[in-house]
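A.B. asks: Please see the structure below; I have some questions.
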Amino acid sequence: MTADIKEITIKCPICDGIHQYALNVEYSYTLSMIPLTNISELNNSIQSFTRVFICPNKNEKFQSTIKFSDSIKIDSLSVIGIKK
Amino acid sequence: MTKDIEVTDTKKLTPTNEAIYDAGKLMLVESLSSSREYCKFMITLSSGSIPIYLTLLKFFLDKNLKYLVLNYIFFLIPLLFWIISIIIFTVGYIPKLTKISLDVIENIEFQRTKLIRKRIRLNWSGFSLFLIGVLIASYNIINLGFIQKLT
């Protein structure tokens, strides 16, 4: 399993401000067990994750769906913290 | 590696997700105390099984029959299992001295996970022994109470 740190910017529905969050993305070792004829399905796969975020200004929770257009399977995605 | 990250559907936490989030928080916070409460409960249950079994044994033992020493040993085996399970649950219930630093989250998580895993192992060991004791005790009571009376 390999991990990567990604940054995303979200428009906060609580305070209407812009916040940056750091995400810890863990990728799977194996891509997928699919035949070569279906390889195009893998390239077009979208993986979506709904996560809870905290507004740093109002200290309230909100949710957002993060979609990855990635050929590599993501095992887990967690919010590490707030950048600003 | 990652071609595109899209953030969509940003909104206030839905009531369902809020409830699930709160349930998750409760699970995290209570995981230590719930395993300890289970140890406490099983100590009471195992201790209570001993006098109940001895009373049933006294009631069903035929005073006119002469039992072998081996029979008496087999009658008392459940007590041995229950006493060992009580000891195991007591070990699980005993508070442990651990040094943690509140500044280091990983250290707290590591100690917490270590303690929970230890308690789970003790709880399963204790429960298995308790269950074996119950099965042997049930066999003894059924054997004494019904089968001997039929023969």
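By order in the structure tokens, chains are A, B, ...; within a chain, residues start at 1; ligands start at 1, following the order shown.
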Near chain B, which residues of chain A fall within 12 Å when you count only C-alpha atoms, and what do they look like as number ranges by chain?

C.D. replies: A: 2-16, 20-21, 23, 25-27, 43-55, 60-74

A.B. asks: Can I get the selection written as a PDB file, in the first residue's frame, with C-alpha atoms?

C.D. replies:
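File written: again10.pdb
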```pdb
ATOM      1  CA  THR A   2       1.444   3.393  -0.964  1.00  0.00           C
ATOM      2  CA  ALA A   3       0.251   6.649   0.580  1.00  0.00           C
ATOM      3  CA  ASP A   4       0.139  10.111  -0.873  1.00  0.00           C
ATOM      4  CA  ILE A   5      -0.806  13.508   0.521  1.00  0.00           C
ATOM      5  CA  LYS A   6      -3.211  15.520  -1.606  1.00  0.00           C
ATOM      6  CA  GLU A   7      -4.513  19.027  -1.074  1.00  0.00           C
ATOM      7  CA  ILE A   8      -8.005  20.113  -1.928  1.00  0.00           C
ATOM      8  CA  THR A   9      -9.797  23.415  -1.773  1.00  0.00           C
ATOM      9  CA  ILE A  10     -13.404  23.525  -0.628  1.00  0.00           C
ATOM     10  CA  LYS A  11     -15.898  26.346  -0.520  1.00  0.00           C
ATOM     11  CA  CYS A  12     -17.241  26.059   2.998  1.00  0.00           C
ATOM     12  CA  PRO A  13     -21.063  25.894   3.271  1.00  0.00           C
ATOM     13  CA  ILE A  14     -20.850  27.037   6.909  1.00  0.00           C
ATOM     14  CA  CYS A  15     -18.865  30.302   6.676  1.00  0.00           C
ATOM     15  CA  ASP A  16     -18.834  30.698   2.829  1.00  0.00           C
ATOM     16  CA  GLN A  20      -7.666  24.047   2.079  1.00  0.00           C
ATOM     17  CA  TYR A  21      -7.501  20.541   3.483  1.00  0.00           C
ATOM     18  CA  LEU A  23      -5.900  14.329   2.507  1.00  0.00           C
ATOM     19  CA  VAL A  25      -4.697   8.845   0.054  1.00  0.00           C
ATOM     20  CA  GLU A  26      -3.699   5.202   0.281  1.00  0.00           C
ATOM     21  CA  TYR A  27      -3.421   3.377  -3.031  1.00  0.00           C
ATOM     22  CA  ASN A  43      -9.089   4.039 -17.179  1.00  0.00           C
ATOM     23  CA  ASN A  44     -12.513   5.629 -16.952  1.00  0.00           C
ATOM     24  CA  SER A  45     -13.307   4.600 -13.381  1.00  0.00           C
ATOM     25  CA  ILE A  46     -14.328   7.271 -10.923  1.00  0.00           C
ATOM     26  CA  GLN A  47     -13.898   6.598  -7.242  1.00  0.00           C
ATOM     27  CA  SER A  48     -15.890   8.779  -4.879  1.00  0.00           C
ATOM     28  CA  PHE A  49     -15.572   9.241  -1.142  1.00  0.00           C
ATOM     29  CA  THR A  50     -17.777  11.243   1.189  1.00  0.00           C
ATOM     30  CA  ARG A  51     -15.884  12.703   4.126  1.00  0.00           C
ATOM     31  CA  VAL A  52     -16.596  14.947   7.093  1.00  0.00           C
ATOM     32  CA  PHE A  53     -14.707  18.223   7.303  1.00  0.00           C
ATOM     33  CA  ILE A  54     -14.601  20.851  10.034  1.00  0.00           C
ATOM     34  CA  CYS A  55     -14.898  24.567   9.314  1.00  0.00           C
ATOM     35  CA  GLU A  60     -18.840  23.096  12.690  1.00  0.00           C
ATOM     36  CA  LYS A  61     -18.923  19.942  10.592  1.00  0.00           C
ATOM     37  CA  PHE A  62     -19.875  19.681   6.942  1.00  0.00           C
ATOM     38  CA  GLN A  63     -19.602  16.931   4.353  1.00  0.00           C
ATOM     39  CA  SER A  64     -18.196  16.821   0.863  1.00  0.00           C
ATOM     40  CA  THR A  65     -17.842  14.171  -1.836  1.00  0.00           C
ATOM     41  CA  ILE A  66     -14.385  13.821  -3.367  1.00  0.00           C
ATOM     42  CA  LYS A  67     -14.147  12.124  -6.728  1.00  0.00           C
ATOM     43  CA  PHE A  68     -10.916  10.666  -8.106  1.00  0.00           C
ATOM     44  CA  SER A  69     -10.599  10.025 -11.825  1.00  0.00           C
ATOM     45  CA  ASP A  70      -7.748   7.640 -11.330  1.00  0.00           C
ATOM     46  CA  SER A  71      -6.697   4.331 -12.767  1.00  0.00           C
ATOM     47  CA  ILE A  72      -5.181   3.217  -9.475  1.00  0.00           C
ATOM     48  CA  LYS A  73      -7.544   1.825  -6.883  1.00  0.00           C
ATOM     49  CA  ILE A  74      -7.698   3.843  -3.706  1.00  0.00           C
TER      50      ILE A  74
END
```

A.B. asks: So that I can see what lies close to Phe127 (chain B), please list as number ranges by chain the residues with an atom at most 12 Å from it, counting only C-alpha atoms and leaving out residues fewer than 6 positions away in the same chain.

C.D. replies: B: 38-39, 41-43, 45-46, 81-89, 92, 119-121, 133-134
